[in-house]
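Here is my_file_12.csv, consisting of CSV, C-alpha atoms (C1' of nucleotides):
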```csv
chain,number,residue,atom,x,y,z
A,1,MET,CA,0.0,0.0,0.0
A,2,ALA,CA,1.8,3.1,-1.2
A,3,ARG,CA,1.1,6.2,0.7
A,4,ARG,CA,2.2,8.5,-2.1
A,5,PRO,CA,-0.6,8.9,-4.7
A,6,ALA,CA,0.5,7.5,-8.0
A,7,PRO,CA,0.7,10.5,-10.4
A,8,ASP,CA,-1.1,8.5,-13.2
A,9,THR,CA,-4.1,7.7,-11.0
A,10,ARG,CA,-6.3,10.3,-12.5
A,11,GLU,CA,-5.4,9.2,-16.0
A,12,ARG,CA,-6.0,5.5,-15.2
A,13,ILE,CA,-9.4,6.2,-13.7
A,14,LEU,CA,-10.3,8.3,-16.8
A,15,ASP,CA,-9.0,5.6,-19.1
A,16,THR,CA,-11.2,3.0,-17.3
A,17,ALA,CA,-14.2,5.2,-17.3
A,18,ALA,CA,-13.8,6.1,-20.9
A,19,LEU,CA,-13.7,2.5,-22.0
A,20,LEU,CA,-16.8,1.6,-20.0
A,21,PHE,CA,-18.7,4.8,-21.0
A,22,TYR,CA,-18.1,4.2,-24.6
A,23,ASP,CA,-18.8,0.5,-24.7
A,24,HIS,CA,-22.0,0.5,-22.6
A,25,GLY,CA,-23.2,4.1,-22.7
A,26,VAL,CA,-22.9,6.7,-20.0
A,27,GLN,CA,-26.1,6.0,-18.1
A,28,ALA,CA,-25.6,2.2,-18.0
A,29,VAL,CA,-22.2,2.5,-16.2
A,30,GLY,CA,-22.2,2.9,-12.5
A,31,MET,CA,-19.5,4.5,-10.4
A,32,GLN,CA,-18.9,1.3,-8.5
A,33,GLN,CA,-18.2,-0.4,-11.8
A,34,ILE,CA,-15.5,2.1,-12.6
A,35,ILE,CA,-14.0,1.8,-9.2
A,36,ASP,CA,-13.9,-2.0,-9.4
A,37,ARG,CA,-12.3,-2.0,-12.8
A,38,ALA,CA,-9.8,0.8,-12.0
A,39,LYS,CA,-8.9,-0.8,-8.7
A,40,CYS,CA,-9.1,2.4,-6.8
A,41,GLY,CA,-10.9,3.4,-3.7
A,42,LYS,CA,-14.1,5.3,-3.7
A,43,SER,CA,-12.6,8.2,-2.0
A,44,LEU,CA,-9.9,8.5,-4.5
A,45,LEU,CA,-12.3,8.6,-7.5
A,46,TYR,CA,-14.4,11.2,-5.8
A,47,ARG,CA,-11.3,13.2,-4.9
A,48,GLU,CA,-10.4,13.4,-8.6
A,49,PHE,CA,-13.9,13.7,-10.0
A,50,PRO,CA,-16.4,15.3,-7.6
A,51,SER,CA,-19.4,13.8,-9.4
A,52,LYS,CA,-20.3,11.5,-12.2
A,53,ALA,CA,-21.4,14.4,-14.3
A,54,GLU,CA,-17.9,15.9,-14.1
A,55,LEU,CA,-16.4,12.5,-14.9
A,56,VAL,CA,-18.5,12.2,-18.0
A,57,ALA,CA,-17.7,15.7,-19.0
A,58,GLU,CA,-13.9,15.0,-18.7
A,59,TYR,CA,-14.4,11.8,-20.7
A,60,LEU,CA,-15.9,13.7,-23.6
A,61,GLU,CA,-13.4,16.6,-23.2
A,62,ARG,CA,-10.5,14.2,-23.5
A,63,ALA,CA,-12.1,12.5,-26.5
A,64,ARG,CA,-12.5,15.9,-28.1
A,65,GLN,CA,-8.8,16.7,-27.5
A,66,ASP,CA,-7.8,13.2,-28.9
A,67,PHE,CA,-9.8,13.7,-32.0
A,68,GLY,CA,-8.5,17.2,-32.4
A,69,ARG,CA,-4.9,16.0,-32.3
A,70,GLN,CA,-5.7,13.4,-35.0
A,71,TYR,CA,-7.3,15.9,-37.2
A,72,ALA,CA,-4.5,18.4,-36.7
A,73,GLU,CA,-2.0,15.7,-37.6
A,74,ALA,CA,-3.9,14.8,-40.7
A,75,ASP,CA,-4.1,18.5,-41.6
A,76,ASP,CA,-0.3,18.8,-41.3
A,77,HIS,CA,0.2,16.2,-44.0
A,78,ALA,CA,-2.4,17.6,-46.4
A,79,GLY,CA,-0.6,20.6,-47.7
A,80,SER,CA,-2.3,23.9,-48.2
A,81,ASP,CA,-4.9,23.1,-50.9
A,82,PRO,CA,-8.3,23.6,-49.2
A,83,SER,CA,-9.8,20.7,-51.1
A,84,ALA,CA,-6.9,18.4,-50.1
A,85,ARG,CA,-7.3,19.5,-46.5
A,86,LEU,CA,-11.0,18.8,-46.6
A,87,ILE,CA,-10.4,15.3,-48.0
A,88,ALA,CA,-7.8,14.7,-45.3
A,89,PHE,CA,-10.2,15.7,-42.6
A,90,VAL,CA,-12.9,13.4,-43.9
A,91,GLU,CA,-10.3,10.6,-44.3
A,92,ALA,CA,-9.3,11.1,-40.6
A,93,MET,CA,-12.9,10.8,-39.5
A,94,ALA,CA,-13.4,7.8,-41.8
A,95,GLU,CA,-10.4,6.1,-40.2
A,96,SER,CA,-11.8,6.7,-36.7
A,97,VAL,CA,-14.9,4.6,-37.5
A,98,GLN,CA,-12.9,1.7,-38.9
A,99,SER,CA,-12.2,0.0,-35.6
A,100,PRO,CA,-13.8,-3.5,-35.3
A,101,ASP,CA,-15.4,-2.6,-32.0
A,102,TYR,CA,-16.7,0.8,-33.2
A,103,ARG,CA,-19.8,1.6,-31.4
A,104,GLY,CA,-20.6,5.0,-32.8
A,105,CYS,CA,-19.3,8.5,-32.3
A,106,PRO,CA,-19.0,9.1,-28.5
A,107,PHE,CA,-20.4,12.7,-28.9
A,108,ARG,CA,-23.3,11.6,-31.0
A,109,ASN,CA,-24.0,8.7,-28.7
A,110,TYR,CA,-24.1,10.9,-25.7
A,111,LEU,CA,-26.5,13.4,-27.4
A,112,ALA,CA,-28.7,10.5,-28.4
A,113,GLU,CA,-28.9,9.0,-24.9
A,114,VAL,CA,-29.1,12.2,-22.8
A,115,ALA,CA,-31.9,14.5,-23.7
A,116,ASP,CA,-30.5,17.6,-21.9
A,117,HIS,CA,-27.8,19.1,-24.0
A,118,ASP,CA,-27.3,22.1,-21.8
A,119,ASP,CA,-25.1,20.6,-19.1
A,120,SER,CA,-21.3,20.5,-19.2
A,121,ALA,CA,-21.0,17.3,-21.1
A,122,GLY,CA,-23.7,18.2,-23.6
A,123,ARG,CA,-22.0,21.5,-24.4
A,124,ILE,CA,-18.8,19.6,-25.2
A,125,ALA,CA,-20.6,17.2,-27.5
A,126,THR,CA,-22.5,19.9,-29.3
A,127,GLY,CA,-19.4,22.0,-29.5
A,128,TYR,CA,-17.5,19.2,-31.1
A,129,LEU,CA,-20.2,18.8,-33.8
A,130,LEU,CA,-20.4,22.5,-34.4
A,131,ASP,CA,-16.6,22.7,-34.7
A,132,SER,CA,-16.4,19.8,-37.1
A,133,ARG,CA,-19.1,21.3,-39.3
A,134,ALA,CA,-17.5,24.8,-39.2
A,135,ARG,CA,-14.2,23.2,-40.3
A,136,ILE,CA,-15.8,21.7,-43.3
A,137,GLU,CA,-17.5,25.0,-44.1
A,138,ASP,CA,-14.2,26.9,-43.8
A,139,PHE,CA,-12.5,24.5,-46.2
A,140,VAL,CA,-15.2,24.7,-48.7
A,141,ALA,CA,-15.4,28.5,-48.5
A,142,ASP,CA,-11.7,28.5,-49.5
A,143,MET,CA,-12.3,26.3,-52.5
A,144,ASN,CA,-13.9,28.9,-54.7
A,145,VAL,CA,-16.7,26.7,-55.8
A,146,ALA,CA,-20.0,27.9,-57.3
A,147,ALA,CA,-22.3,27.0,-54.4
A,148,PRO,CA,-20.1,26.5,-51.3
A,149,ASP,CA,-23.1,26.3,-48.9
A,150,VAL,CA,-24.7,23.5,-50.8
A,151,LEU,CA,-21.4,21.5,-51.0
A,152,ALA,CA,-20.6,22.0,-47.3
A,153,GLU,CA,-24.2,21.0,-46.3
A,154,ARG,CA,-23.9,17.8,-48.4
A,155,ILE,CA,-20.5,16.8,-47.1
A,156,TRP,CA,-21.7,17.4,-43.5
A,157,LEU,CA,-24.7,15.2,-44.1
A,158,ILE,CA,-22.4,12.5,-45.4
A,159,VAL,CA,-20.1,12.9,-42.4
A,160,GLU,CA,-23.1,12.5,-40.1
A,161,GLY,CA,-24.1,9.4,-42.0
A,162,LEU,CA,-20.6,8.0,-41.8
A,163,HIS,CA,-20.5,8.1,-38.0
A,164,THR,CA,-23.9,6.6,-37.7
A,165,ALA,CA,-23.9,4.0,-40.4
A,166,ALA,CA,-20.6,2.6,-39.4
A,167,ALA,CA,-22.1,1.6,-36.0
A,168,HIS,CA,-25.0,-0.2,-37.5
A,169,PRO,CA,-25.2,-3.8,-38.9
A,170,GLY,CA,-23.7,-3.9,-42.3
A,171,GLY,CA,-21.9,-0.7,-41.8
A,172,ALA,CA,-18.4,-2.0,-42.5
A,173,ARG,CA,-18.2,-0.3,-45.8
A,174,ALA,CA,-19.5,3.1,-44.6
A,175,ALA,CA,-16.1,4.7,-44.5
A,176,ASP,CA,-15.3,3.8,-48.1
A,177,VAL,CA,-18.7,4.8,-49.3
A,178,ALA,CA,-18.5,8.2,-47.6
A,179,LEU,CA,-15.0,8.9,-48.8
A,180,SER,CA,-15.7,8.0,-52.4
A,181,LEU,CA,-18.9,10.2,-52.4
A,182,VAL,CA,-17.1,13.1,-50.8
A,183,ARG,CA,-14.3,12.9,-53.3
A,184,GLU,CA,-16.7,12.8,-56.1
A,185,LEU,CA,-18.6,15.8,-54.9
A,186,VAL,CA,-15.4,17.8,-54.4
A,187,ARG,CA,-14.2,16.8,-57.9
A,188,ASP,CA,-17.4,17.8,-59.5
A,189,ALA,CA,-17.5,21.1,-57.7
A,190,THR,CA,-13.9,22.1,-58.5
A,191,ARG,CA,-14.1,21.0,-62.1
A,192,VAL,CA,-13.3,23.9,-64.4
B,193,MET,CA,-62.7,4.2,-9.6
B,194,ALA,CA,-64.4,2.5,-12.5
B,195,ARG,CA,-65.0,-1.1,-12.3
B,196,ARG,CA,-65.4,-1.4,-16.1
B,197,PRO,CA,-62.0,-1.9,-17.6
B,198,ALA,CA,-61.4,0.9,-20.1
B,199,PRO,CA,-60.6,-0.7,-23.5
B,200,ASP,CA,-58.1,1.9,-24.4
B,201,THR,CA,-56.1,1.5,-21.3
B,202,ARG,CA,-53.3,-0.4,-22.9
B,203,GLU,CA,-53.0,2.1,-25.7
B,204,ARG,CA,-53.1,5.1,-23.3
B,205,ILE,CA,-50.3,3.6,-21.3
B,206,LEU,CA,-48.3,2.9,-24.5
B,207,ASP,CA,-48.9,6.4,-25.8
B,208,THR,CA,-47.7,7.9,-22.5
B,209,ALA,CA,-44.6,5.6,-22.4
B,210,ALA,CA,-43.8,6.3,-26.0
B,211,LEU,CA,-43.8,10.1,-25.5
B,212,LEU,CA,-41.6,9.8,-22.4
B,213,PHE,CA,-39.2,7.2,-23.9
B,214,TYR,CA,-38.7,9.3,-27.1
B,215,ASP,CA,-38.3,12.6,-25.3
B,216,HIS,CA,-36.0,11.6,-22.5
B,217,GLY,CA,-34.5,8.2,-23.7
B,218,VAL,CA,-35.5,4.8,-22.6
B,219,GLN,CA,-33.2,4.5,-19.6
B,220,ALA,CA,-33.9,7.9,-18.1
B,221,VAL,CA,-37.6,7.2,-17.8
B,222,GLY,CA,-38.9,5.3,-14.8
B,223,MET,CA,-42.0,3.1,-14.5
B,224,GLN,CA,-43.4,5.3,-11.8
B,225,GLN,CA,-43.0,8.3,-14.1
B,226,ILE,CA,-45.1,6.5,-16.7
B,227,ILE,CA,-47.7,5.5,-14.1
B,228,ASP,CA,-48.1,9.0,-12.9
B,229,ARG,CA,-48.4,10.5,-16.3
B,230,ALA,CA,-50.8,7.8,-17.6
B,231,LYS,CA,-52.9,8.1,-14.4
B,232,CYS,CA,-53.2,4.4,-14.0
B,233,GLY,CA,-52.3,2.0,-11.1
B,234,LYS,CA,-49.1,0.2,-10.9
B,235,SER,CA,-50.8,-3.2,-11.1
B,236,LEU,CA,-52.6,-2.2,-14.3
B,237,LEU,CA,-49.4,-1.3,-16.0
B,238,TYR,CA,-47.7,-4.5,-15.0
B,239,ARG,CA,-50.7,-6.5,-16.0
B,240,GLU,CA,-50.5,-5.1,-19.6
B,241,PHE,CA,-46.7,-5.0,-19.7
B,242,PRO,CA,-45.0,-7.6,-17.5
B,243,SER,CA,-41.7,-5.7,-17.5
B,244,LYS,CA,-40.1,-2.5,-18.6
B,245,ALA,CA,-38.2,-4.4,-21.3
B,246,GLU,CA,-41.4,-5.6,-22.8
B,247,LEU,CA,-42.9,-2.1,-22.6
B,248,VAL,CA,-39.8,-0.7,-24.4
B,249,ALA,CA,-40.1,-3.5,-27.0
B,250,GLU,CA,-43.8,-2.7,-27.7
B,251,TYR,CA,-42.9,1.0,-27.9
B,252,LEU,CA,-40.4,0.3,-30.7
B,253,GLU,CA,-42.7,-2.3,-32.3
B,254,ARG,CA,-45.5,0.2,-32.5
B,255,ALA,CA,-43.2,2.9,-33.9
B,256,ARG,CA,-42.1,0.4,-36.5
B,257,GLN,CA,-45.6,-0.3,-37.6
B,258,ASP,CA,-46.4,3.4,-37.7
B,259,PHE,CA,-43.5,4.2,-39.9
B,260,GLY,CA,-44.3,1.1,-42.0
B,261,ARG,CA,-47.8,2.5,-42.6
B,262,GLN,CA,-46.5,5.9,-43.6
B,263,TYR,CA,-44.0,4.4,-46.0
B,264,ALA,CA,-46.7,2.1,-47.5
B,265,GLU,CA,-48.9,5.1,-48.0
B,266,ALA,CA,-46.2,7.0,-49.7
B,267,ASP,CA,-45.4,4.0,-51.9
B,268,ASP,CA,-49.1,3.8,-53.0
B,269,HIS,CA,-48.9,7.4,-54.4
B,270,ALA,CA,-45.5,6.8,-56.1
B,271,GLY,CA,-46.7,4.7,-59.1
B,272,SER,CA,-44.7,1.8,-60.3
B,273,ASP,CA,-41.4,3.4,-61.5
B,274,PRO,CA,-38.7,2.1,-59.1
B,275,SER,CA,-36.8,5.4,-59.0
B,276,ALA,CA,-40.1,7.3,-58.2
B,277,ARG,CA,-40.8,4.8,-55.4
B,278,LEU,CA,-37.3,5.2,-54.1
B,279,ILE,CA,-37.7,9.0,-54.1
B,280,ALA,CA,-41.0,8.7,-52.4
B,281,PHE,CA,-39.5,6.5,-49.7
B,282,VAL,CA,-36.8,9.0,-49.0
B,283,GLU,CA,-39.3,11.8,-49.0
B,284,ALA,CA,-41.4,10.1,-46.4
B,285,MET,CA,-38.3,9.6,-44.2
B,286,ALA,CA,-37.3,13.2,-44.7
B,287,GLU,CA,-40.8,14.3,-43.7
B,288,SER,CA,-40.6,12.3,-40.5
B,289,VAL,CA,-37.5,14.3,-39.3
B,290,GLN,CA,-39.2,17.7,-40.0
B,291,SER,CA,-41.0,17.9,-36.7
B,292,PRO,CA,-39.9,20.8,-34.6
B,293,ASP,CA,-39.4,18.6,-31.6
B,294,TYR,CA,-37.6,15.9,-33.5
B,295,ARG,CA,-35.1,14.3,-31.2
B,296,GLY,CA,-33.7,11.6,-33.6
B,297,CYS,CA,-34.8,8.3,-35.0
B,298,PRO,CA,-36.3,6.2,-32.1
B,299,PHE,CA,-34.6,3.1,-33.4
B,300,ARG,CA,-31.2,4.7,-33.9
B,301,ASN,CA,-31.5,6.4,-30.5
B,302,TYR,CA,-32.2,3.1,-28.8
B,303,LEU,CA,-29.3,1.4,-30.4
B,304,ALA,CA,-27.1,4.3,-29.4
B,305,GLU,CA,-28.0,4.3,-25.8
B,306,VAL,CA,-28.3,0.5,-25.2
B,307,ALA,CA,-25.2,-1.5,-26.0
B,308,ASP,CA,-26.9,-4.9,-26.1
B,309,HIS,CA,-28.7,-5.3,-29.4
B,310,ASP,CA,-29.7,-8.9,-28.9
B,311,ASP,CA,-32.7,-8.4,-26.7
B,312,SER,CA,-36.2,-8.1,-27.9
B,313,ALA,CA,-36.2,-4.3,-28.4
B,314,GLY,CA,-32.7,-4.4,-30.0
B,315,ARG,CA,-33.8,-6.9,-32.6
B,316,ILE,CA,-36.8,-4.7,-33.5
B,317,ALA,CA,-34.5,-1.7,-33.9
B,318,THR,CA,-31.9,-3.4,-36.0
B,319,GLY,CA,-34.6,-5.1,-38.0
B,320,TYR,CA,-36.1,-1.8,-38.8
B,321,LEU,CA,-32.8,-0.5,-40.1
B,322,LEU,CA,-32.1,-3.7,-42.1
B,323,ASP,CA,-35.6,-3.5,-43.6
B,324,SER,CA,-35.2,0.1,-44.6
B,325,ARG,CA,-31.9,-0.6,-46.2
B,326,ALA,CA,-33.2,-3.6,-48.0
B,327,ARG,CA,-36.0,-1.6,-49.4
B,328,ILE,CA,-33.6,0.9,-50.9
B,329,GLU,CA,-31.5,-1.9,-52.3
B,330,ASP,CA,-34.6,-3.5,-53.9
B,331,PHE,CA,-35.7,-0.2,-55.5
B,332,VAL,CA,-32.2,0.4,-56.9
B,333,ALA,CA,-31.9,-3.1,-58.2
B,334,ASP,CA,-35.1,-2.5,-60.2
B,335,MET,CA,-33.7,0.7,-61.7
B,336,ASN,CA,-31.2,-0.9,-64.1
B,337,VAL,CA,-28.4,1.4,-63.3
B,338,ALA,CA,-24.7,0.6,-64.0
B,339,ALA,CA,-23.6,0.1,-60.4
B,340,PRO,CA,-26.6,-0.6,-58.2
B,341,ASP,CA,-24.6,-1.6,-55.2
B,342,VAL,CA,-22.7,1.7,-55.2
B,343,LEU,CA,-25.9,3.8,-55.6
B,344,ALA,CA,-27.8,1.9,-52.8
B,345,GLU,CA,-24.8,2.2,-50.5
B,346,ARG,CA,-24.6,5.9,-51.1
B,347,ILE,CA,-28.3,6.5,-50.6
B,348,TRP,CA,-28.3,4.5,-47.4
B,349,LEU,CA,-25.4,6.6,-46.1
B,350,ILE,CA,-27.4,9.8,-46.9
B,351,VAL,CA,-30.5,8.3,-45.2
B,352,GLU,CA,-28.4,7.6,-42.1
B,353,GLY,CA,-27.1,11.1,-42.2
B,354,LEU,CA,-30.5,12.5,-42.6
B,355,HIS,CA,-31.8,10.9,-39.4
B,356,THR,CA,-28.8,11.9,-37.4
B,357,ALA,CA,-28.1,15.4,-38.7
B,358,ALA,CA,-31.7,16.5,-38.3
B,359,ALA,CA,-31.5,15.9,-34.5
B,360,HIS,CA,-28.3,18.0,-34.1
B,361,PRO,CA,-27.9,21.8,-33.8
B,362,GLY,CA,-28.3,23.4,-37.2
B,363,GLY,CA,-30.0,20.3,-38.7
B,364,ALA,CA,-33.1,22.1,-39.8
B,365,ARG,CA,-32.1,21.9,-43.5
B,366,ALA,CA,-31.0,18.2,-43.3
B,367,ALA,CA,-34.2,17.0,-45.0
B,368,ASP,CA,-33.8,19.3,-48.0
B,369,VAL,CA,-30.1,18.6,-48.3
B,370,ALA,CA,-30.7,14.8,-48.2
B,371,LEU,CA,-33.5,15.0,-50.7
B,372,SER,CA,-31.7,17.1,-53.3
B,373,LEU,CA,-28.6,14.9,-53.0
B,374,VAL,CA,-30.5,11.7,-53.5
B,375,ARG,CA,-32.5,13.1,-56.4
B,376,GLU,CA,-29.2,14.1,-58.0
B,377,LEU,CA,-27.6,10.8,-57.5
B,378,VAL,CA,-30.7,9.0,-59.0
B,379,ARG,CA,-30.8,11.4,-61.9
B,380,ASP,CA,-27.1,10.9,-62.7
B,381,ALA,CA,-27.4,7.1,-62.4
B,382,THR,CA,-30.4,6.8,-64.6
B,383,ARG,CA,-29.2,9.2,-67.2
B,384,VAL,CA,-28.9,7.5,-70.6
C,385,DG,C1',-70.9,-9.1,-2.6
C,386,DT,C1',-67.9,-9.2,-6.5
C,387,DC,C1',-64.9,-7.3,-9.4
C,388,DT,C1',-61.4,-4.0,-10.9
C,389,DA,C1',-59.2,0.0,-10.5
C,390,DT,C1',-56.0,3.0,-7.7
C,391,DA,C1',-52.9,4.1,-4.0
C,392,DG,C1',-49.4,2.9,-1.0
C,393,DA,C1',-46.2,-0.1,1.4
C,394,DT,C1',-42.6,-3.1,0.6
C,395,DG,C1',-38.6,-6.0,-1.2
C,396,DG,C1',-34.2,-6.3,-3.0
C,397,DA,C1',-30.9,-4.4,-5.8
C,398,DT,C1',-28.3,-0.7,-7.2
C,399,DA,C1',-27.5,4.2,-7.9
C,400,DG,C1',-24.5,8.4,-6.6
C,401,DA,C1',-22.2,10.6,-3.0
C,402,DC,C1',-19.7,11.2,1.5
D,403,DG,C1',-17.8,1.2,4.4
D,404,DT,C1',-22.1,3.8,4.9
D,405,DC,C1',-25.8,6.7,3.8
D,406,DT,C1',-29.7,8.1,1.3
D,407,DA,C1',-32.3,7.8,-2.7
D,408,DT,C1',-34.3,5.5,-6.5
D,409,DC,C1',-34.8,1.7,-9.6
D,410,DC,C1',-38.1,-2.3,-11.0
D,411,DA,C1',-41.3,-5.2,-9.4
D,412,DT,C1',-44.6,-7.3,-6.1
D,413,DC,C1',-48.0,-7.3,-2.8
D,414,DT,C1',-51.6,-5.4,0.2
D,415,DA,C1',-55.3,-2.3,1.2
D,416,DT,C1',-59.0,0.4,-0.1
D,417,DA,C1',-62.4,2.8,-2.9
D,418,DG,C1',-65.9,2.7,-6.4
D,419,DA,C1',-68.8,0.5,-10.3
D,420,DC,C1',-71.7,-3.2,-11.3
```
As structure tokens:
Amino acid sequence: MARRPAPDTRERILDTAALLFYDHGVQAVGMQQIIDRAKCGKSLLYREFPSKAELVAEYLERARQDFGRQYAEADDHAGSDPSARLIAFVEAMAESVQSPDYRGCPFRNYLAEVADHDDSAGRIATGYLLDSRARIEDFVADMNVAAPDVLAERIWLIVEGLHTAAAHPGGARAADVALSLVRELVRDATRV
Amino acid sequence: MARRPAPDTRERILDTAALLFYDHGVQAVGMQQIIDRAKCGKSLLYREFPSKAELVAEYLERARQDFGRQYAEADDHAGSDPSARLIAFVEAMAESVQSPDYRGCPFRNYLAEVADHDDSAGRIATGYLLDSRARIEDFVADMNVAAPDVLAERIWLIVEGLHTAAAHPGGARAADVALSLVRELVRDATRV
DNA sequence: GTCTATAGATGGATAGAC
DNA sequence: GTCTATCCATCTATAGAC
């Protein structure tokens, strides 16, 4: 029994909670379940996370940062052409749904299972969606196409479908389908 | 206290439960909440629905039948051309997301919030999705297009996006976006 | 009196929080 | 570990319609 608190305790608890929240849904997972799996005491968990609501919010906030890093890295390799950056963004999202145990987008799942979107976690989830959509709109706006609003709306709809369809039965090909469709829309829109 | 059993008791309970389940999610609604809202006794609810799981399953089953009737009615007015029937199907789905208090597709929401898809309610939800997708595939197969699999996959992705995007902030135009995109894909695919 | 509805007490399990 | 609250589900008690 170490008296000194392990510095990675908070991260380990958050890792454990994130896995359980994502796999079974936020509401279906109890605090005791997280405590058992993380092998920590109750007092330790409540010292790091004062309530379940804050633990959920930090789970989504960390997921948002993780996705943000992946998208930033993909953007670094995409060059400066806005259409290439747009494709790279969609590719990064398509890659994130390719996991064999993919169970849907954590933000969209949270918004689907919790009706109140005005709490801390809900604002993170809606903020993530709005940021993703704004990123697409910004890329399209820089592409000098005839109808940027229409193109951005269509791509966003496909992105929404990508995250949802991949979690449903028979959704293994959703990433390829979304990517080919987005590429075709971009190609048609940028054709001289 | 009426001795005569009201013949619409079961439907009234199911109506009440359906509203609550859809608005707040299945897991967030308690049986007592339904009992209070439906103004019925506890024993009466449990006589009609032996468990919450069965009540949820009947909620989804009735929703499936309701949607099925709407789609069948739309199909009756679409004539016999498979592309017209396909468009009518997508139009009917687009109409169902136009409600101002739309909170997502009940089947997709259920699958998002409950991880186990092998129970009675889960099979109804997945069955609805598979049926909808098969209907699209059947219509496209009758259209004599060059690549029916690709077209059906793309339309299904858009349909998934339609149901998801309409429930998210800024999703008011999702129905129009999905419809115009599907119409364009069908037009391009059937062009001689 | 008989039947059925409602209302409330209750059981056991589990929730979040201290 | 403990506390309170709530979950689903069952059972009992009572009030009213026939």
List every protein, DNA or RNA residue that has at least one atom no more than 6 Å from (-36.7, 1.7, -11.7) in the file's coordinates, counting only C-alpha atoms (C1' of nucleotides), and write the result as a PDB file with C-alpha atoms (C1' of nucleotides), keeping the file's coordinate frame.
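The new file out30.pdb reads:
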```
ATOM      1  CA  GLY B 222     -38.900   5.300 -14.800  1.00  0.00           C
TER       2      GLY B 222
ATOM      3  C1'  DC D 409     -34.800   1.700  -9.600  1.00  0.00           C
ATOM      4  C1'  DC D 410     -38.100  -2.300 -11.000  1.00  0.00           C
TER       5       DC D 410
END
```
### Query
CA of Pro106 (chain A) and CA of Lys42 (chain A), how far apart in Å?
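Result for CA of Lys42 (chain A) versus CA of Pro106 (chain A): 25.6 Å, one decimal.
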### Task
In Å, rounded to a single decimal, give me how far C1' of DG392 (chain C) is from CA of Cys232 (chain B).
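Atom-to-atom, CA of Cys232 (chain B) and C1' of DG392 (chain C) are spaced 13.6 Å apart.
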### Task
Would you mind telling me which residue in A:Ala78, A:Val140, A:Ala57, A:Leu20 lies nearest to chain B when using all atoms listed in the file?
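Using all atoms listed in the file, the shortest distance to chain B belongs to A:Leu20.
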### Task
For DC405 (chain D), list every protein, DNA or RNA residue within 10 Å, evaluated using only C-alpha atoms (C1' of nucleotides), and leave out those in the same chain fewer than 2 positions away; present the list as JSON, numbers by chain.
{"C": [401, 402], "D": [403, 407]}
### Coordinates-based distance that separates CA of Arg64 (chain A) from CA of Ser132 (chain A) (Å, one decimal)
10.6 Å
### Message
Please check the contacts: residues of chain B at most 10 Å away from chain A, using all atoms listed in the file, listed as a ChimeraX atom specification.
### Response
/B:214-220,295-298,300-308,318-319,321-322,325,342-343,345-363,365-370,372-373
### Task
Would you mind listing what lies within 9 Å of region 412-415 of chain D as a list of chain:residue names, with all atoms listed in the file counted and same-chain residues fewer than 4 positions away left out?
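Neighbouring residues, sequence-local ones excluded: B:Ser235, C:DA391, C:DG392, C:DA393, C:DT394, C:DG395.
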#### Entry: Distance filter 9 Å, only C-alpha atoms (C1' of nucleotides), chain A against chain C, as a VMD selection string
chain A and resid 30 to 31 43 46 50 to 52
### Task
Please report as an MDAnalysis selection string which residues of chain D come no farther than 7 Å from chain B, using all atoms listed in the file.
chainID D and resid 417:419
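The protein and nucleic acid residues lying at most 10 Å from Ala74 (chain A) are Gly68, Arg69, Gly79, Arg85, Ile87, Ala88, Phe89, Val90, Glu91, Ala92 and Met93 of chain A, with only C-alpha atoms (C1' of nucleotides) considered and sequence neighbours fewer than 5 positions away removed.
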